[in-house]
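Student: Got a structure for you, run00.txt, holding compact mmCIF, C-alpha atoms and all ligand atoms.
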# COMPACT_ATOMS: atom_id res chain seq x y z
CA MET N 23 -53.61 21.93 11.37
CA SER N 24 -55.81 20.10 13.85
CA GLU N 25 -54.11 18.46 16.76
CA PRO N 26 -54.26 14.83 15.56
CA SER N 27 -52.79 15.66 12.16
CA LEU N 28 -50.10 17.78 13.82
CA SER N 29 -49.05 14.87 16.02
CA PHE N 30 -49.01 12.59 12.98
CA PHE N 31 -46.75 15.14 11.30
CA PHE N 32 -44.24 14.95 14.15
CA PHE N 33 -44.55 11.16 14.23
CA PHE N 34 -43.67 11.14 10.54
CA ILE N 35 -40.71 13.50 10.90
CA PHE N 36 -39.14 11.80 13.91
CA PHE N 37 -39.95 8.14 13.37
CA LEU N 38 -40.88 7.32 9.81
CA PHE N 39 -38.59 9.67 7.96
CA PRO N 40 -35.33 8.48 9.56
CA ALA N 41 -36.42 4.88 8.86
CA ILE N 42 -36.88 5.75 5.21
CA SER N 43 -33.52 7.46 4.84
CA ASP N 44 -31.75 4.64 6.73
CA SER N 45 -33.09 1.97 4.45
CA SER N 46 -32.09 3.92 1.35
CA LYS N 47 -28.46 3.92 2.58
CA CYS N 48 -28.62 0.12 2.48
CA SER N 49 -30.45 -0.24 -0.80
CA ILE N 50 -29.36 -0.41 -4.42
CA LYS N 51 -32.37 1.64 -5.49
CA GLY N 52 -31.37 4.99 -6.88
CA LEU N 53 -27.65 4.23 -7.26
CA PRO N 54 -26.33 5.33 -10.64
CA LEU N 55 -24.95 2.54 -12.83
CA VAL N 56 -21.65 4.36 -13.31
CA ARG N 57 -20.30 5.56 -9.98
CA ASN N 58 -17.38 7.87 -9.26
CA ILE N 59 -15.07 5.96 -6.89
CA SER N 60 -13.94 9.26 -5.37
CA GLU N 61 -17.51 9.83 -4.22
CA LEU N 62 -18.22 6.37 -2.78
CA PRO N 63 -18.36 6.11 1.02
CA GLN N 64 -15.01 5.25 2.59
CA ASN N 65 -14.35 4.41 6.18
CA ASP N 66 -11.76 2.83 8.45
CA TYR N 67 -14.46 0.87 10.33
CA GLY N 68 -12.50 1.41 13.53
CA ARG N 69 -9.35 -0.15 12.07
CA GLY N 70 -6.63 2.48 12.25
CA GLY N 71 -4.72 3.06 9.02
CA LEU N 72 -7.32 1.43 6.79
CA SER N 73 -9.47 3.06 4.17
CA HIS N 74 -12.09 0.68 2.77
CA ILE N 75 -14.44 1.30 -0.13
CA THR N 76 -16.92 -1.34 -1.25
CA ILE N 77 -16.82 -0.87 -5.03
CA ALA N 78 -19.52 -3.46 -5.70
CA GLY N 79 -20.91 -5.46 -2.84
CA SER N 80 -23.41 -8.06 -1.86
CA VAL N 81 -25.09 -6.09 0.88
CA LEU N 82 -24.98 -2.66 -0.79
CA HIS N 83 -25.27 -3.48 -4.47
CA GLY N 84 -26.98 -6.86 -4.60
CA MET N 85 -23.96 -8.79 -5.92
CA ASN N 86 -24.42 -12.57 -5.62
CA GLU N 87 -21.22 -14.16 -6.95
CA VAL N 88 -18.37 -11.70 -6.36
CA GLU N 89 -17.61 -8.57 -4.37
CA VAL N 90 -14.96 -5.93 -5.07
CA TRP N 91 -13.18 -3.69 -2.57
CA LEU N 92 -10.64 -0.89 -2.85
CA GLN N 93 -8.48 -0.75 0.25
CA THR N 94 -5.65 1.52 1.28
CA PHE N 95 -3.33 0.62 4.15
CA SER N 96 -1.18 3.37 5.63
CA PRO N 97 2.43 2.47 6.51
CA GLY N 98 2.51 -0.20 9.22
CA SER N 99 -1.20 -1.09 9.01
CA ARG N 100 -2.43 -4.56 8.18
CA THR N 101 -5.33 -6.97 8.06
CA PRO N 102 -5.90 -9.33 10.96
CA ILE N 103 -4.61 -12.90 10.58
CA HIS N 104 -7.72 -14.50 9.13
CA ARG N 105 -9.26 -17.10 6.83
CA HIS N 106 -12.45 -17.43 4.83
CA SER N 107 -14.01 -20.14 2.70
CA CYS N 108 -14.13 -18.02 -0.43
CA GLU N 109 -11.70 -17.25 -3.23
CA GLU N 110 -9.84 -13.95 -3.05
CA VAL N 111 -7.75 -12.12 -5.64
CA PHE N 112 -5.58 -9.07 -4.94
CA VAL N 113 -4.26 -6.53 -7.42
CA VAL N 114 -1.70 -4.14 -5.94
CA LEU N 115 -2.39 -0.72 -7.43
CA ARG N 116 0.35 1.14 -5.57
CA GLY N 117 2.83 0.73 -2.77
CA SER N 118 4.38 -2.45 -1.51
CA GLY N 119 4.24 -4.73 1.49
CA THR N 120 4.24 -8.31 2.67
CA LEU N 121 1.80 -11.16 2.30
CA TYR N 122 1.93 -13.76 5.07
CA LEU N 123 0.33 -17.04 4.06
CA ALA N 124 0.04 -20.26 6.01
CA SER N 125 -0.91 -23.08 3.68
CA SER N 126 -1.59 -25.63 6.37
CA SER N 127 -5.32 -25.53 6.90
CA HIS N 128 -5.18 -29.33 7.39
CA GLU N 129 -3.06 -28.90 10.54
CA LYS N 130 -4.52 -27.87 13.88
CA PHE N 131 -3.29 -24.28 13.59
CA PRO N 132 -1.91 -22.11 10.75
CA GLY N 133 1.74 -22.27 11.88
CA LYS N 134 4.60 -20.04 10.79
CA PRO N 135 3.50 -18.35 7.55
CA GLN N 136 5.50 -17.98 4.36
CA GLU N 137 6.40 -14.40 3.51
CA TYR N 138 5.95 -12.96 0.04
CA SER N 139 6.93 -9.47 -1.10
CA ILE N 140 4.08 -7.74 -2.87
CA PHE N 141 4.65 -4.70 -5.08
CA SER N 142 2.92 -2.24 -7.36
CA ASN N 143 1.25 -4.00 -10.29
CA SER N 144 1.60 -7.42 -8.68
CA THR N 145 -1.29 -9.80 -8.16
CA PHE N 146 -1.87 -12.85 -6.00
CA GLN N 147 -4.70 -15.08 -4.89
CA ILE N 148 -5.41 -16.64 -1.53
CA PRO N 149 -6.31 -20.34 -1.53
CA VAL N 150 -9.71 -21.01 0.03
CA ASN N 151 -9.46 -21.33 3.83
CA ASP N 152 -5.71 -20.59 4.10
CA ALA N 153 -4.90 -18.21 6.95
CA HIS N 154 -3.28 -15.03 5.68
CA GLN N 155 -2.41 -11.44 6.47
CA VAL N 156 -1.59 -8.48 4.25
CA TRP N 157 0.73 -5.94 5.87
CA ASN N 158 1.99 -2.60 4.61
CA THR N 159 5.60 -3.09 5.68
CA ASN N 160 6.74 -0.10 3.62
CA GLU N 161 7.37 2.81 5.99
CA ASP N 162 7.14 5.48 3.32
CA GLU N 163 4.11 4.75 1.19
CA ASP N 164 0.46 3.71 1.32
CA LEU N 165 -0.39 0.25 0.02
CA GLN N 166 -3.47 0.26 -2.20
CA VAL N 167 -5.12 -2.94 -3.35
CA LEU N 168 -8.15 -3.94 -5.35
CA VAL N 169 -9.67 -7.05 -3.80
CA ILE N 170 -12.13 -9.46 -5.41
CA ILE N 171 -13.80 -12.13 -3.30
CA SER N 172 -16.29 -14.84 -4.21
CA ARG N 173 -19.43 -15.90 -2.32
CA PRO N 174 -20.22 -12.62 -0.55
CA PRO N 175 -21.00 -11.46 2.07
CA VAL N 176 -17.69 -12.62 3.53
CA LYS N 177 -17.59 -14.70 6.72
CA VAL N 178 -14.20 -14.19 8.34
CA PHE N 179 -12.47 -16.24 11.05
CA ILE N 180 -9.90 -14.16 12.94
CA TYR N 181 -6.79 -15.51 14.72
CA ASP N 182 -4.88 -13.84 17.57
CA SER N 183 -1.68 -15.54 16.41
CA TRP N 184 -0.38 -18.01 13.82
CA PHE N 185 -0.38 -20.68 16.50
CA MET N 186 -4.01 -20.32 17.59
CA PRO N 187 -5.98 -23.50 16.79
CA HIS N 188 -8.31 -23.20 13.78
CA THR N 189 -11.16 -24.19 16.08
CA ALA N 190 -10.45 -21.18 18.35
CA ALA N 191 -10.47 -18.58 15.55
CA LYS N 192 -13.34 -16.14 16.08
CA LEU N 193 -16.06 -15.74 13.48
CA LYS N 194 -16.70 -12.11 12.57
CA PHE N 195 -19.97 -11.96 10.68
CA PRO N 196 -21.18 -9.59 9.44
CA TYR N 197 -17.66 -8.31 8.63
CA TYR N 198 -16.73 -4.69 9.42
CA TRP N 199 -18.20 -3.04 6.31
CA ASP N 200 -21.30 -5.26 6.19
CA GLU N 201 -22.31 -4.52 9.77
CA GLU N 202 -24.40 -1.43 9.12
CA CYS N 203 -26.69 -2.99 6.54
CA LEU N 204 -26.54 -6.72 7.26
CA GLN N 205 -28.27 -7.87 10.41
CA PRO N 206 -26.50 -10.74 12.19
CA PRO N 207 -28.39 -14.01 11.93
CA PRO N 208 -30.68 -14.60 14.93
CA LYS N 209 -28.95 -16.54 17.72
CA ASP N 210 -30.38 -19.96 18.44
CA GLU N 211 -32.29 -19.82 21.69
CA LEU N 212 -31.46 -22.96 23.66
C1 LIG N 301 -15.26 12.28 -9.30
O1 LIG N 301 -15.31 12.82 -8.00
C2 LIG N 301 -14.23 13.68 -7.68
C3 LIG N 301 -14.38 14.06 -6.20
O2 LIG N 301 -15.66 14.56 -5.95
C4 LIG N 301 -14.25 14.89 -8.60
O3 LIG N 301 -13.15 15.72 -8.31
C5 LIG N 301 -14.17 14.41 -10.03
O4 LIG N 301 -14.29 15.49 -10.90
C6 LIG N 301 -15.29 13.41 -10.34
N1 LIG N 301 -15.13 12.90 -11.68
C7 LIG N 301 -16.06 13.06 -12.60
C8 LIG N 301 -15.74 12.54 -13.97
O5 LIG N 301 -17.14 13.56 -12.35
C1 LIG N 302 0.97 -3.09 -15.02
O1 LIG N 302 1.40 -3.99 -16.01
C2 LIG N 302 0.74 -3.88 -17.25
C3 LIG N 302 1.26 -4.99 -18.17
O2 LIG N 302 2.66 -4.83 -18.38
C4 LIG N 302 1.00 -2.50 -17.84
O3 LIG N 302 0.28 -2.36 -19.04
C5 LIG N 302 0.49 -1.46 -16.85
O4 LIG N 302 0.82 -0.16 -17.32
C6 LIG N 302 1.17 -1.66 -15.49
N1 LIG N 302 0.56 -0.72 -14.56
C7 LIG N 302 1.28 0.00 -13.70
C8 LIG N 302 0.51 0.88 -12.79
O5 LIG N 302 2.51 -0.07 -13.66
What is this structure when it is put down as structure tokens?

Tutor:
Amino acid sequence: MSEPSLSFFFFFIFFLFPAISDSSKCSIKGLPLVRNISELPQNDYGRGGLSHITIAGSVLHGMNEVEVWLQTFSPGSRTPIHRHSCEEVFVVLRGSGTLYLASSSHEKFPGKPQEYSIFSNSTFQIPVNDAHQVWNTNEDEDLQVLVIISRPPVKVFIYDSWFMPHTAAKLKFPYYWDEECLQPPPKDEL
């Protein structure tokens, strides 16, 4: 190999090739139609006690109307207190826990939530924009849920407490599992 073609070879290996393999991780091309859930990527995305699998997603699979997640919460683990302007349906596959739901999005802050026991083979939906939290309050068993949301990718507003004003809730977008493949929108330069 002459020197120029050798240096192109190294350029290809170190710069182009990683770019190609990165983009394929974030692309629907080449994914089989029928996928084995046990072989889909799962991660805690830095949230201890969580295992999240995007079963069919906007960013990864090109879904436009709905997105489906399989999530497992170890005993004591929970979602943040949060809200989103999409519909959300839960199906509890195993375990049990507590849903906290504050149906007061018209007030200045969520306020003390109502508590609902959730259990294996139960289902519930979260009204659009209501602050909520799902908590595995069962000390002995994982809580596993199938989650369906509309209007992906999800834009989530996170609260530090039930008494934090809605206007102070922090937008997390892209959300944890969309971060790798969805670039945040460019910030307005003022
Ligand atoms: C799905 O994946 C799991 C884990 O790799 C494997 O044990 C199982 O046999 C697979 N199922 C099928 C039908 O291939
Ligand atoms: C959930 O309920 C349905 C309807 O009764 C039943 O067919 C199904 O077996 C139940 N699943 C579990 C895991 O209990």

Student: Write out as JSON, numbers by chain each polymer residue whose atoms come within 8 Å of N:His154, counting all atoms listed in the file; drop sequence neighbours fewer than 3 positions from it.

Tutor: {"N": [103, 104, 105, 121, 122, 123, 124, 135, 148]}

Student: Got a sec: who's within 7 Å of N:Phe141, counting only C-alpha atoms, leaving out chain neighbours fewer than 3 positions off, as a list in words?

Tutor: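 Once the adjacent positions are removed, what remains is Val114, Gly117, Ser118, Gly119 and Ser144 of chain N.
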
Student: For N:Pro54, which of N:His83, N:Trp157, N:Ile171, N:Val176 is the closest residue, counting all atoms listed in the file?

Tutor: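 Among the listed residues, N:His83 lies closest to N:Pro54.
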
Student: Can you tell me which residues sit at most 7 Å away from ligand LIG 301 (chain N), counting all atoms listed in the file, written as JSON, numbers by chain?

Tutor: {"N": [58, 59, 60, 61]}

Student: At a cut-off of 7 Å around ligand LIG 302 (chain N), and using all atoms listed in the file, what residues come up? Please write them as a list in words.

Tutor: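 Result of the 7 Å neighbour search around ligand LIG 302 (chain N): Leu115, Ser142 and Asn143 of chain N.
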
Student: Between N:Pro174, N:Pro63, N:Pro196, N:Pro149, which is the closest to N:Val111 once you count only C-alpha atoms?

Tutor: N:Pro149

Student: What's the 7 Å shell around N:Val167, counting only C-alpha atoms, without same-chain residues fewer than 6 positions away, as an mmCIF file with C-alpha atoms, keeping the file's coordinate frame?

Tutor:
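Result file selection.cif:
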data_model
loop_
_atom_site.group_PDB
_atom_site.id
_atom_site.type_symbol
_atom_site.label_atom_id
_atom_site.label_comp_id
_atom_site.auth_asym_id
_atom_site.auth_seq_id
_atom_site.Cartn_x
_atom_site.Cartn_y
_atom_site.Cartn_z
ATOM 1 C CA LEU N 92 -10.640 -0.890 -2.850
ATOM 2 C CA GLN N 93 -8.480 -0.750 0.250
ATOM 3 C CA THR N 94 -5.650 1.520 1.280
ATOM 4 C CA PHE N 112 -5.580 -9.070 -4.940
ATOM 5 C CA VAL N 113 -4.260 -6.530 -7.420
ATOM 6 C CA VAL N 114 -1.700 -4.140 -5.940
ATOM 7 C CA LEU N 115 -2.390 -0.720 -7.430
#

Student: Work out how far apart atom CA of N:Thr189 and atom CA of N:Gln136 are and give it in Å to one decimal.

Tutor: 21.3 Å

Student: Rounded to one decimal place, report the atom CA of N:Ser172-atom CA of N:Leu204 distance in Å.

Tutor: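 Separating atom CA of N:Ser172 from atom CA of N:Leu204 is a distance of 17.4 Å.
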